[in-house]
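data_18.txt follows; it contains compact mmCIF, C-alpha atoms and all ligand atoms.
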# COMPACT_ATOMS: atom_id res chain seq x y z
CA MET Y 788 119.23 105.10 105.75
CA ARG Y 789 115.76 105.61 104.33
CA LYS Y 790 112.89 104.07 106.20
CA ILE Y 791 110.18 102.45 104.11
CA LEU Y 792 106.80 101.32 105.34
CA VAL Y 793 105.59 98.19 103.56
CA THR Y 794 101.95 97.33 104.23
CA GLY Y 795 101.22 93.67 103.59
CA GLY Y 796 104.96 93.07 103.82
CA LEU Y 797 104.53 89.44 104.88
CA GLY Y 798 102.31 88.61 101.90
CA TYR Y 799 103.35 87.12 98.58
CA ILE Y 800 104.58 90.14 96.63
CA GLY Y 801 105.19 92.13 99.82
CA SER Y 802 107.67 89.67 101.30
CA HIS Y 803 109.69 89.48 98.07
CA THR Y 804 109.76 93.28 97.94
CA VAL Y 805 110.90 93.52 101.57
CA VAL Y 806 113.82 91.21 100.73
CA GLU Y 807 114.86 93.43 97.81
CA LEU Y 808 114.55 96.58 99.95
CA LEU Y 809 116.70 95.12 102.71
CA GLU Y 810 119.27 93.93 100.19
CA GLN Y 811 119.46 97.45 98.86
CA ASN Y 812 120.01 98.81 102.37
CA PHE Y 813 116.66 100.38 103.04
CA GLU Y 814 115.33 100.19 106.55
CA VAL Y 815 111.97 98.42 106.48
CA VAL Y 816 108.91 98.69 108.70
CA ILE Y 817 106.24 96.12 107.94
CA VAL Y 818 102.58 96.51 108.79
CA ASP Y 819 100.76 93.22 108.33
CA ASP Y 820 97.78 91.83 110.25
CA LEU Y 821 98.43 88.22 109.14
CA SER Y 822 94.98 88.05 107.53
CA ASN Y 823 96.53 86.32 104.53
CA SER Y 824 100.10 85.67 105.62
CA LYS Y 825 102.13 83.88 108.26
CA GLN Y 826 104.38 85.23 110.96
CA TRP Y 827 107.14 82.75 110.09
CA ILE Y 828 107.66 84.56 106.79
CA LEU Y 829 109.40 87.19 108.92
CA ASP Y 830 111.99 84.63 110.06
CA ARG Y 831 112.48 83.57 106.47
CA ILE Y 832 113.10 87.18 105.44
CA LYS Y 833 115.72 87.40 108.20
CA LYS Y 834 117.29 84.16 107.02
CA ILE Y 835 117.59 85.38 103.42
CA THR Y 836 118.86 88.88 104.19
CA ASN Y 837 120.53 88.60 107.62
CA LYS Y 838 118.57 91.70 108.48
CA GLU Y 839 115.63 92.27 110.70
CA PRO Y 840 112.72 94.41 109.56
CA LYS Y 841 110.41 95.84 112.21
CA TRP Y 842 106.95 94.30 112.10
CA TYR Y 843 103.67 95.63 113.47
CA ASN Y 844 100.65 93.37 113.68
CA VAL Y 845 98.32 96.20 112.76
CA ASP Y 846 95.13 96.21 110.73
CA LEU Y 847 95.00 99.31 108.50
CA LYS Y 848 91.35 99.75 109.42
CA ASN Y 849 92.52 100.56 112.94
CA SER Y 850 93.51 104.16 112.52
CA GLU Y 851 94.74 104.59 116.09
CA ASN Y 852 97.20 101.72 115.88
CA LEU Y 853 98.33 102.82 112.45
CA ASN Y 854 99.09 106.31 113.77
CA LEU Y 855 101.30 104.72 116.43
CA VAL Y 856 103.46 103.17 113.71
CA PHE Y 857 104.05 106.63 112.24
CA GLU Y 858 104.65 108.12 115.70
CA GLU Y 859 107.36 105.56 116.37
CA ASN Y 860 108.99 105.69 112.94
CA LYS Y 861 109.94 108.56 110.68
CA ILE Y 862 108.74 107.09 107.39
CA ASP Y 863 110.30 108.28 104.11
CA GLY Y 864 108.20 106.28 101.68
CA ILE Y 865 105.36 103.76 101.53
CA ILE Y 866 104.72 100.69 99.42
CA HIS Y 867 101.10 99.71 99.90
CA PHE Y 868 100.27 96.04 99.28
CA ALA Y 869 97.88 95.20 102.10
CA ALA Y 870 94.52 94.30 100.57
CA TYR Y 871 92.13 91.41 100.08
CA LYS Y 872 92.70 89.91 96.66
CA ALA Y 873 90.44 86.95 95.93
CA VAL Y 874 88.21 87.73 92.99
CA GLY Y 875 85.50 85.15 93.72
CA GLU Y 876 85.39 85.93 97.42
CA SER Y 877 85.06 89.64 96.69
CA GLN Y 878 81.74 88.95 94.95
CA GLN Y 879 80.48 87.16 98.07
CA LYS Y 880 81.81 89.71 100.56
CA PRO Y 881 81.58 93.13 98.91
CA VAL Y 882 81.23 95.05 102.18
CA GLU Y 883 84.30 93.42 103.69
CA TYR Y 884 86.30 94.04 100.51
CA TYR Y 885 85.36 97.71 100.26
CA GLU Y 886 85.91 98.20 103.96
CA ASN Y 887 89.31 96.55 104.01
CA ASN Y 888 90.72 97.78 100.71
CA ILE Y 889 89.26 101.29 100.75
CA ILE Y 890 89.12 102.24 104.46
CA GLY Y 891 92.61 100.78 104.89
CA LEU Y 892 93.87 102.92 102.03
CA LEU Y 893 92.14 106.06 103.33
CA ASN Y 894 93.61 105.62 106.80
CA LEU Y 895 97.03 105.23 105.28
CA LEU Y 896 96.59 108.33 103.10
CA LYS Y 897 95.52 110.31 106.17
CA CYS Y 898 98.81 109.33 107.79
CA THR Y 899 100.78 110.44 104.71
CA GLN Y 900 99.24 113.90 105.18
CA LYS Y 901 99.63 114.01 108.94
CA TYR Y 902 103.21 112.73 108.98
CA ASP Y 903 104.27 114.33 105.71
CA VAL Y 904 105.18 111.24 103.69
CA LYS Y 905 105.48 112.23 100.05
CA SER Y 906 106.41 109.02 98.24
CA PHE Y 907 103.74 106.36 97.76
CA ILE Y 908 103.73 103.22 95.63
CA PHE Y 909 100.38 101.51 95.05
CA SER Y 910 99.93 97.89 94.17
CA SER Y 911 97.40 97.83 91.34
CA SER Y 912 96.45 95.27 88.74
CA CYS Y 913 95.99 94.79 85.01
CA THR Y 914 92.45 93.82 85.99
CA VAL Y 915 91.65 97.55 85.59
CA TYR Y 916 91.92 97.14 81.80
CA GLY Y 917 89.41 94.27 81.53
CA GLN Y 918 89.52 92.76 78.03
CA ALA Y 919 91.49 95.49 76.28
CA ASP Y 920 90.62 96.26 72.68
CA GLU Y 921 94.26 96.34 71.66
CA LEU Y 922 97.18 94.10 72.59
CA PRO Y 923 99.75 94.50 74.00
CA ILE Y 924 98.15 96.73 76.63
CA THR Y 925 99.70 100.15 77.15
CA GLU Y 926 99.11 102.38 80.16
CA ASN Y 927 96.90 104.55 77.93
CA ALA Y 928 94.40 101.77 77.27
CA PRO Y 929 90.96 102.83 78.50
CA LEU Y 930 89.94 101.38 81.84
CA LYS Y 931 86.93 99.10 81.64
CA LYS Y 932 84.31 98.61 84.30
CA PRO Y 933 85.85 95.89 86.47
CA GLU Y 934 84.21 92.49 86.52
CA SER Y 935 84.62 92.04 90.26
CA VAL Y 936 84.43 93.94 93.52
CA TYR Y 937 88.13 93.19 93.94
CA GLY Y 938 88.83 94.87 90.60
CA LYS Y 939 86.71 97.85 91.60
CA THR Y 940 88.68 98.32 94.81
CA LYS Y 941 91.86 98.55 92.68
CA GLN Y 942 90.29 101.05 90.29
CA PHE Y 943 88.79 103.15 93.11
CA GLY Y 944 92.12 102.97 94.92
CA GLU Y 945 93.93 104.38 91.89
CA GLU Y 946 91.40 107.20 91.64
CA ILE Y 947 91.50 108.09 95.32
CA ILE Y 948 95.30 108.23 95.32
CA SER Y 949 95.33 110.31 92.12
CA ASP Y 950 92.91 112.81 93.69
CA VAL Y 951 95.17 113.17 96.72
CA ALA Y 952 98.21 113.61 94.49
CA SER Y 953 96.50 116.33 92.49
CA ILE Y 954 95.80 118.56 95.51
CA SER Y 955 98.83 118.03 97.70
CA ASN Y 956 102.56 117.78 97.63
CA PHE Y 957 102.46 114.03 97.22
CA ASN Y 958 104.04 111.78 94.60
CA THR Y 959 102.72 108.42 93.65
CA ILE Y 960 103.41 105.55 91.28
CA LEU Y 961 100.61 103.14 90.45
CA LEU Y 962 101.99 99.77 89.44
CA ARG Y 963 99.69 97.57 87.39
CA TYR Y 964 100.83 94.00 87.70
CA PHE Y 965 100.06 91.35 85.14
CA ASN Y 966 100.20 87.78 86.54
CA PRO Y 967 102.86 87.44 89.27
CA ILE Y 968 104.28 83.92 89.65
CA GLY Y 969 107.17 81.96 91.11
CA ALA Y 970 109.05 82.15 94.38
CA HIS Y 971 112.34 83.41 95.76
CA PRO Y 972 115.34 81.35 94.47
CA SER Y 973 116.11 80.38 98.08
CA ALA Y 974 112.69 78.66 98.23
CA LEU Y 975 112.28 80.25 101.68
CA ILE Y 976 109.40 82.53 100.70
CA GLY Y 977 106.67 82.18 98.07
CA GLU Y 978 102.95 82.20 97.52
CA LEU Y 979 100.78 80.74 100.30
CA PRO Y 980 97.26 80.33 98.92
CA LEU Y 981 94.48 79.99 101.47
CA GLY Y 982 92.49 76.82 100.80
CA ILE Y 983 91.89 75.76 97.21
CA PRO Y 984 93.96 78.02 94.97
CA ASN Y 985 92.15 80.23 92.46
CA ASN Y 986 95.26 81.18 90.54
CA LEU Y 987 96.78 78.95 87.92
CA ILE Y 988 100.34 78.35 89.16
CA PRO Y 989 99.54 77.33 92.75
CA PHE Y 990 96.90 74.98 91.37
CA VAL Y 991 99.44 73.48 88.97
CA THR Y 992 102.08 73.00 91.70
CA GLN Y 993 99.54 71.51 94.12
CA THR Y 994 98.36 69.12 91.42
CA ALA Y 995 101.94 68.08 90.68
CA ALA Y 996 102.42 67.55 94.44
CA GLY Y 997 99.35 65.31 94.59
CA ILE Y 998 97.38 67.69 96.82
CA ARG Y 999 94.86 68.25 94.01
CA LYS Y 1000 93.75 65.37 91.82
CA GLU Y 1001 93.59 67.24 88.58
CA LEU Y 1002 93.97 70.70 87.11
CA SER Y 1003 91.01 72.05 85.16
CA ILE Y 1004 92.07 74.20 82.24
CA PHE Y 1005 89.24 76.68 82.05
CA GLY Y 1006 88.26 76.91 78.40
CA ASN Y 1007 89.85 75.49 75.26
CA ASP Y 1008 87.57 77.33 72.87
CA TYR Y 1009 89.09 80.80 73.14
CA PRO Y 1010 90.12 82.42 69.86
CA THR Y 1011 93.82 81.74 70.51
CA LEU Y 1012 96.28 79.37 68.83
CA ASP Y 1013 95.61 76.43 71.16
CA GLY Y 1014 92.19 77.60 72.40
CA THR Y 1015 93.32 78.38 75.95
CA ALA Y 1016 93.45 81.87 77.47
CA ILE Y 1017 96.55 84.05 77.32
CA ARG Y 1018 98.19 85.96 80.19
CA ASP Y 1019 101.48 87.66 80.88
CA TYR Y 1020 103.24 85.76 83.69
CA ILE Y 1021 105.82 87.84 85.50
CA TYR Y 1022 108.40 86.57 87.98
CA VAL Y 1023 107.66 87.84 91.48
CA VAL Y 1024 111.32 88.75 92.14
CA ASP Y 1025 111.48 90.79 88.93
CA LEU Y 1026 108.24 92.42 90.02
CA ALA Y 1027 109.64 93.18 93.47
CA LYS Y 1028 112.67 94.88 91.91
CA ALA Y 1029 110.39 97.22 89.96
CA HIS Y 1030 109.04 98.55 93.27
CA ILE Y 1031 112.53 99.54 94.37
CA LYS Y 1032 113.09 101.32 91.05
CA GLY Y 1033 109.81 103.21 91.41
CA LEU Y 1034 110.41 104.08 95.03
CA THR Y 1035 113.94 105.33 94.37
CA ARG Y 1036 112.62 107.46 91.53
CA LEU Y 1037 110.16 109.12 93.89
CA LEU Y 1038 112.61 109.52 96.77
CA ASN Y 1039 115.15 111.14 94.43
CA ASN Y 1040 112.51 113.41 92.87
CA GLU Y 1041 113.19 111.94 89.43
CA ASN Y 1042 109.52 111.51 88.59
CA SER Y 1043 108.20 113.60 85.74
CA SER Y 1044 104.71 113.95 87.16
CA ASN Y 1045 103.20 113.49 90.61
CA ILE Y 1046 101.18 110.52 89.34
CA GLU Y 1047 102.94 107.94 87.22
CA ILE Y 1048 101.50 104.65 86.06
CA TYR Y 1049 103.47 101.63 84.89
CA ASN Y 1050 102.51 98.24 83.57
CA LEU Y 1051 104.62 95.47 85.03
CA GLY Y 1052 104.70 92.46 82.78
CA THR Y 1053 107.07 90.63 80.46
CA GLY Y 1054 105.39 91.81 77.29
CA LYS Y 1055 104.90 88.21 76.23
CA GLY Y 1056 101.63 86.33 76.40
CA SER Y 1057 101.52 82.61 77.24
CA SER Y 1058 98.50 80.36 76.97
CA VAL Y 1059 97.39 78.17 79.86
CA LYS Y 1060 98.40 75.10 77.86
CA GLU Y 1061 101.84 76.60 77.19
CA VAL Y 1062 102.25 77.23 80.91
CA VAL Y 1063 101.38 73.65 81.76
CA ASP Y 1064 103.80 72.35 79.10
CA ALA Y 1065 106.54 74.71 80.32
CA PHE Y 1066 105.98 73.54 83.91
CA GLU Y 1067 106.29 69.89 82.84
CA ASN Y 1068 109.46 70.58 80.84
CA ALA Y 1069 111.09 72.77 83.47
CA ASN Y 1070 110.56 70.25 86.25
CA ASN Y 1071 110.56 67.05 84.28
CA LEU Y 1072 107.21 65.82 85.52
CA LYS Y 1073 103.61 65.39 84.40
CA VAL Y 1074 100.57 67.34 85.52
CA ASN Y 1075 97.15 65.71 85.45
CA TYR Y 1076 94.81 68.03 83.63
CA LYS Y 1077 91.49 68.14 81.81
CA TYR Y 1078 89.69 70.77 79.79
CA ALA Y 1079 86.75 72.37 81.57
CA PRO Y 1080 84.29 75.13 80.65
CA ARG Y 1081 85.47 78.74 80.73
CA ARG Y 1082 85.59 80.40 84.15
CA GLU Y 1083 83.07 83.17 84.57
CA GLY Y 1084 84.55 86.64 84.29
CA ASP Y 1085 87.75 85.47 82.55
CA ILE Y 1086 89.02 87.35 79.55
CA THR Y 1087 90.64 85.85 76.45
CA SER Y 1088 93.96 87.56 76.41
CA ALA Y 1089 96.00 90.11 78.34
CA TYR Y 1090 99.68 90.96 78.04
CA ALA Y 1091 101.60 94.10 78.73
CA ASP Y 1092 103.37 96.64 76.69
CA ALA Y 1093 106.04 97.11 79.35
CA SER Y 1094 108.18 99.56 77.38
CA LEU Y 1095 107.31 102.56 79.55
CA ALA Y 1096 108.70 100.88 82.66
CA LYS Y 1097 111.83 100.05 80.69
CA GLU Y 1098 112.30 103.62 79.51
CA GLN Y 1099 111.40 105.46 82.69
CA LEU Y 1100 112.24 103.02 85.49
CA ASN Y 1101 115.09 101.29 83.73
CA TRP Y 1102 113.38 98.04 84.63
CA GLU Y 1103 112.47 94.95 82.67
CA ALA Y 1104 111.49 91.39 83.44
CA LYS Y 1105 114.49 89.12 83.06
CA THR Y 1106 113.37 85.67 84.13
CA SER Y 1107 112.07 83.08 81.67
CA LEU Y 1108 108.76 81.33 82.18
CA GLU Y 1109 110.50 77.98 82.71
CA GLU Y 1110 112.82 79.44 85.34
CA CYS Y 1111 109.82 80.96 87.14
CA LEU Y 1112 108.09 77.60 87.09
CA ARG Y 1113 111.17 75.88 88.52
CA THR Y 1114 111.15 78.27 91.46
CA ALA Y 1115 107.41 77.71 91.92
CA TRP Y 1116 107.94 73.96 92.11
CA ASN Y 1117 110.96 74.24 94.44
CA TRP Y 1118 108.81 76.32 96.79
CA GLN Y 1119 105.90 73.88 96.60
CA LYS Y 1120 108.25 71.02 97.53
CA THR Y 1121 109.22 72.82 100.74
CA LEU Y 1122 105.55 73.08 101.72
C1 LIG U 1201 93.30 86.76 88.53
C2 LIG U 1201 92.24 87.78 88.73
C3 LIG U 1201 92.85 89.14 88.66
C4 LIG U 1201 93.93 89.26 89.72
C5 LIG U 1201 94.95 88.17 89.53
C6 LIG U 1201 95.90 88.17 90.70
C7 LIG U 1201 90.19 86.73 87.87
C8 LIG U 1201 89.14 86.77 86.83
N1 LIG U 1201 91.19 87.62 87.74
O1 LIG U 1201 93.83 86.94 87.21
O2 LIG U 1201 91.88 90.12 88.87
O3 LIG U 1201 94.56 90.51 89.63
O4 LIG U 1201 94.31 86.89 89.49
O5 LIG U 1201 96.82 87.16 90.59
O6 LIG U 1201 90.17 85.91 88.75
N2 LIG U 1201 93.20 78.86 85.08
C9 LIG U 1201 92.90 77.55 84.78
N3 LIG U 1201 92.74 76.69 85.82
C10 LIG U 1201 92.87 77.04 87.12
C11 LIG U 1201 93.19 78.38 87.42
C12 LIG U 1201 93.34 79.28 86.37
O7 LIG U 1201 92.76 77.20 83.62
O8 LIG U 1201 92.68 76.20 88.01
C13 LIG U 1201 93.38 79.81 83.97
C14 LIG U 1201 92.43 80.98 84.04
O9 LIG U 1201 91.21 80.67 83.41
C15 LIG U 1201 93.24 82.07 83.31
C16 LIG U 1201 94.69 81.72 83.65
O10 LIG U 1201 94.68 80.36 84.08
O11 LIG U 1201 93.07 81.95 81.93
C17 LIG U 1201 95.26 82.57 84.77
O12 LIG U 1201 94.35 82.53 85.86
P1 LIG U 1201 94.68 83.20 87.28
O13 LIG U 1201 96.00 82.73 87.77
O14 LIG U 1201 93.51 83.00 88.16
O15 LIG U 1201 94.86 84.74 86.93
P2 LIG U 1201 93.84 85.75 86.21
O16 LIG U 1201 92.51 85.18 86.08
O17 LIG U 1201 94.52 86.24 84.98

Show me the file's structure as structure tokens.
Amino acid sequence: MRKILVTGGLGYIGSHTVVELLEQNFEVVIVDDLSNSKQWILDRIKKITNKEPKWYNVDLKNSENLNLVFEENKIDGIIHFAAYKAVGESQQKPVEYYENNIIGLLNLLKCTQKYDVKSFIFSSSCTVYGQADELPITENAPLKKPESVYGKTKQFGEEIISDVASISNFNTILLRYFNPIGAHPSALIGELPLGIPNNLIPFVTQTAAGIRKELSIFGNDYPTLDGTAIRDYIYVVDLAKAHIKGLTRLLNNENSSNIEIYNLGTGKGSSVKEVVDAFENANNLKVNYKYAPRREGDITSAYADASLAKEQLNWEAKTSLEECLRTAWNWQKTL
């Protein structure tokens, strides 16, 4: 049985990926310092899978403790999620963001060299493309200077990993996610935003639940059909499955180059207004909303050309927007 280290394995995308790994009979070791997750997610993972991943409450910045994890476990592959991810906060706390996202990554890469781990999946973001000149966005689109410190940590992370892969016997896949949404069909795990949500879907579900008075739709004067901004919303379980495809490709030496990059999206753009309408239809309820000015740093439109992932990873997003939004609401109800 292959042993996979998942950093940030109790977080939103991490926990869904751990479930998929366990269901496909990988052994899982989680490193998560609970900085943006809860310990009870571990029990939920056990409940869904009837399996028990090992968990270390280790901060990746603590190199000594991280080494211990590798001493105690012979790791075959790594999926690296653990990172701070709030765009606005990253502008206020640049030092903390660079320290956490970059030092954490460097410590982990040191361990891959010391303990000879050759397969590494990195959680990146479509934020590296900024407002692309052409849509849909392919992996060859030029990277733009990121708008936020958070975005820079993703771009620097990609570069650091690529440099390591170009000098050593090390294979990596960089996965650029579009907008992950929804929750596990069991409604036992899902997104747990800290405080007031920044992302659209948790704000919508909290508004529907009466926790927030009203959703602000940021901007209705974009050059789009209904004036609201367009994104590519991808179901978190579909996204999780792509990690297993990528990992398996690396473990089986099926990769064609030691650095591969894949966009993970549906290929379809939806406007904010369409998302709100779809949420109302899917769950048969109304969401209080108003139009508000554009949010600083937002782009007009981003959606993926996900054909490379389909060709090479044999992966594609399967879940409709409405189905995603049903799972998001079912999860919110349990909270
Ligand atoms: C954001 C980050 C991106 C990150 C991603 C992770 C920014 C600028 N970008 O993407 O770097 O990788 O989250 O999930 O923050 N919206 C509203 N009202 C709200 C919240 C959002 O209208 O209360 C709109 C936004 O203006 C945007 C769309 O909904 O048009 C999606 O927003 P969000 O979920 O925050 O994702 P992104 O901004 O695309």

task: For region 938-942 of chain Y, list every protein, DNA or RNA residue within 7 Å, evaluated using all atoms listed in the file, and leave out those in the same chain fewer than 2 positions away; present the list as number ranges by chain.
output: Y: 885, 888-889, 911-912, 914-915, 933-936, 944-946

Give me the chain Y side of the contact with ligand LIG 1201 (chain U), cut-off 8 Å, one line per residue showing its nearest atom pair and distance in Å at one decimal, counting all atoms listed in the file, sorted by chain and residue number, as a Markdown table.
| residue | atom | partner | partner_atom | distance |
| --- | --- | --- | --- | --- |
| Y:Lys872 | CA | U:LIG1201 | C6 | 7.0 |
| Y:Ala873 | CA | U:LIG1201 | O6 | 7.3 |
| Y:Val874 | CA | U:LIG1201 | O6 | 5.0 |
| Y:Gly875 | CA | U:LIG1201 | O6 | 6.9 |
| Y:Ser912 | CA | U:LIG1201 | O3 | 5.2 |
| Y:Cys913 | CA | U:LIG1201 | O3 | 6.5 |
| Y:Thr914 | CA | U:LIG1201 | O2 | 4.7 |
| Y:Glu934 | CA | U:LIG1201 | C8 | 7.6 |
| Y:Ser935 | CA | U:LIG1201 | O2 | 7.6 |
| Y:Tyr937 | CA | U:LIG1201 | O2 | 7.0 |
| Y:Gly938 | CA | U:LIG1201 | O2 | 5.9 |
| Y:Tyr964 | CA | U:LIG1201 | O3 | 7.4 |
| Y:Phe965 | CA | U:LIG1201 | O3 | 7.1 |
| Y:Asn966 | CA | U:LIG1201 | O5 | 5.3 |
| Y:Pro967 | CA | U:LIG1201 | O5 | 6.2 |
| Y:Pro984 | CA | U:LIG1201 | O8 | 7.3 |
| Y:Asn985 | CA | U:LIG1201 | O14 | 5.3 |
| Y:Asn986 | CA | U:LIG1201 | O13 | 3.3 |
| Y:Leu987 | CA | U:LIG1201 | C11 | 3.7 |
| Y:Ile988 | CA | U:LIG1201 | O13 | 6.3 |
| Y:Phe990 | CA | U:LIG1201 | O8 | 5.5 |
| Y:Val991 | CA | U:LIG1201 | O8 | 7.3 |
| Y:Leu1002 | CA | U:LIG1201 | O8 | 5.7 |
| Y:Ser1003 | CA | U:LIG1201 | N3 | 5.0 |
| Y:Ile1004 | CA | U:LIG1201 | O7 | 3.4 |
| Y:Phe1005 | CA | U:LIG1201 | O7 | 3.9 |
| Y:Gly1006 | CA | U:LIG1201 | O7 | 6.9 |
| Y:Thr1015 | CA | U:LIG1201 | O11 | 7.0 |
| Y:Ala1016 | CA | U:LIG1201 | O11 | 4.5 |
| Y:Ile1017 | CA | U:LIG1201 | O11 | 6.1 |
| Y:Arg1018 | CA | U:LIG1201 | O17 | 6.0 |
| Y:Ser1058 | CA | U:LIG1201 | O11 | 7.5 |
| Y:Val1059 | CA | U:LIG1201 | O10 | 5.5 |
| Y:Ala1079 | CA | U:LIG1201 | O7 | 8.0 |
| Y:Arg1081 | CA | U:LIG1201 | O9 | 6.6 |
| Y:Arg1082 | CA | U:LIG1201 | O9 | 5.7 |
| Y:Glu1083 | CA | U:LIG1201 | C8 | 7.4 |
| Y:Gly1084 | CA | U:LIG1201 | C8 | 5.2 |
| Y:Asp1085 | CA | U:LIG1201 | C8 | 4.7 |
| Y:Ile1086 | CA | U:LIG1201 | O11 | 7.2 |
| Y:Thr1087 | CA | U:LIG1201 | O11 | 7.2 |
| Y:Ser1088 | CA | U:LIG1201 | O11 | 7.9 |
| Y:Ala1089 | CA | U:LIG1201 | O17 | 7.8 |

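Among the candidates Y:Asn860, Y:Gln826, Y:Asn958, Y:Asn1075, the residue lying nearest to Ser1044 (chain Y) is Y:Asn958 (atoms considered: all atoms listed in the file).
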
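Checking Y:Thr1121, Y:Ser1057, Y:Thr899, Y:Asn844 one by one against Ser1107 (chain Y), counting all atoms listed in the file, you find the shortest gap at Y:Ser1057.
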
- request: In Å, rounded to a single decimal, give me how far CA of Asp1092 (chain Y) is from CA of Lys1055 (chain Y).
  value: 8.6 Å

message: Quick one: residues within 12 Å of Trp827 (chain Y), all atoms listed in the file, excluding same-chain residues fewer than 6 positions away - as a list of chain:residue names?
response: Y:Leu797, Y:Gly798, Y:Ser802, Y:Leu821, Y:Lys833, Y:Lys834, Y:Trp842, Y:Leu975, Y:Ile976, Y:Leu979

Limit the output to N, CA, C and O atoms and give region 1053-1064 of chain Y as an mmCIF file, in the first residue's frame.
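For reference, selection-v8.cif as written:
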data_model
loop_
_atom_site.group_PDB
_atom_site.id
_atom_site.type_symbol
_atom_site.label_atom_id
_atom_site.label_comp_id
_atom_site.auth_asym_id
_atom_site.auth_seq_id
_atom_site.Cartn_x
_atom_site.Cartn_y
_atom_site.Cartn_z
ATOM 1 N N THR Y 1053 -14.167 23.464 -14.949
ATOM 2 C CA THR Y 1053 -15.191 22.765 -15.730
ATOM 3 C C THR Y 1053 -15.101 23.141 -17.199
ATOM 4 O O THR Y 1053 -15.639 22.446 -18.060
ATOM 5 N N GLY Y 1054 -14.477 24.284 -17.469
ATOM 6 C CA GLY Y 1054 -14.438 24.801 -18.829
ATOM 7 C C GLY Y 1054 -15.607 25.732 -19.116
ATOM 8 O O GLY Y 1054 -15.696 26.338 -20.175
ATOM 9 N N LYS Y 1055 -16.494 25.861 -18.134
ATOM 10 C CA LYS Y 1055 -17.680 26.695 -18.345
ATOM 11 C C LYS Y 1055 -17.676 27.863 -17.363
ATOM 12 O O LYS Y 1055 -17.508 27.651 -16.155
ATOM 13 N N GLY Y 1056 -17.875 29.043 -17.861
ATOM 14 C CA GLY Y 1056 -17.948 30.207 -16.983
ATOM 15 C C GLY Y 1056 -19.379 30.460 -16.537
ATOM 16 O O GLY Y 1056 -20.321 30.273 -17.309
ATOM 17 N N SER Y 1057 -19.552 30.866 -15.281
ATOM 18 C CA SER Y 1057 -20.880 31.261 -14.786
ATOM 19 C C SER Y 1057 -20.746 32.619 -14.125
ATOM 20 O O SER Y 1057 -19.772 32.877 -13.408
ATOM 21 N N SER Y 1058 -21.737 33.466 -14.346
ATOM 22 C CA SER Y 1058 -21.700 34.791 -13.725
ATOM 23 C C SER Y 1058 -22.188 34.688 -12.279
ATOM 24 O O SER Y 1058 -22.871 33.712 -11.911
ATOM 25 N N VAL Y 1059 -21.854 35.690 -11.490
ATOM 26 C CA VAL Y 1059 -22.292 35.681 -10.082
ATOM 27 C C VAL Y 1059 -23.821 35.597 -10.019
ATOM 28 O O VAL Y 1059 -24.387 34.825 -9.235
ATOM 29 N N LYS Y 1060 -24.480 36.355 -10.881
ATOM 30 C CA LYS Y 1060 -25.951 36.324 -10.886
ATOM 31 C C LYS Y 1060 -26.463 34.932 -11.255
ATOM 32 O O LYS Y 1060 -27.417 34.426 -10.647
ATOM 33 N N GLU Y 1061 -25.820 34.290 -12.214
ATOM 34 C CA GLU Y 1061 -26.234 32.923 -12.580
ATOM 35 C C GLU Y 1061 -26.050 31.960 -11.410
ATOM 36 O O GLU Y 1061 -26.868 31.058 -11.208
ATOM 37 N N VAL Y 1062 -24.993 32.166 -10.640
ATOM 38 C CA VAL Y 1062 -24.749 31.296 -9.489
ATOM 39 C C VAL Y 1062 -25.854 31.485 -8.450
ATOM 40 O O VAL Y 1062 -26.388 30.515 -7.906
ATOM 41 N N VAL Y 1063 -26.198 32.737 -8.208
ATOM 42 C CA VAL Y 1063 -27.248 32.996 -7.216
ATOM 43 C C VAL Y 1063 -28.571 32.382 -7.689
ATOM 44 O O VAL Y 1063 -29.269 31.701 -6.922
ATOM 45 N N ASP Y 1064 -28.898 32.568 -8.965
ATOM 46 C CA ASP Y 1064 -30.135 31.978 -9.509
ATOM 47 C C ASP Y 1064 -30.104 30.456 -9.399
ATOM 48 O O ASP Y 1064 -31.094 29.826 -9.008
#
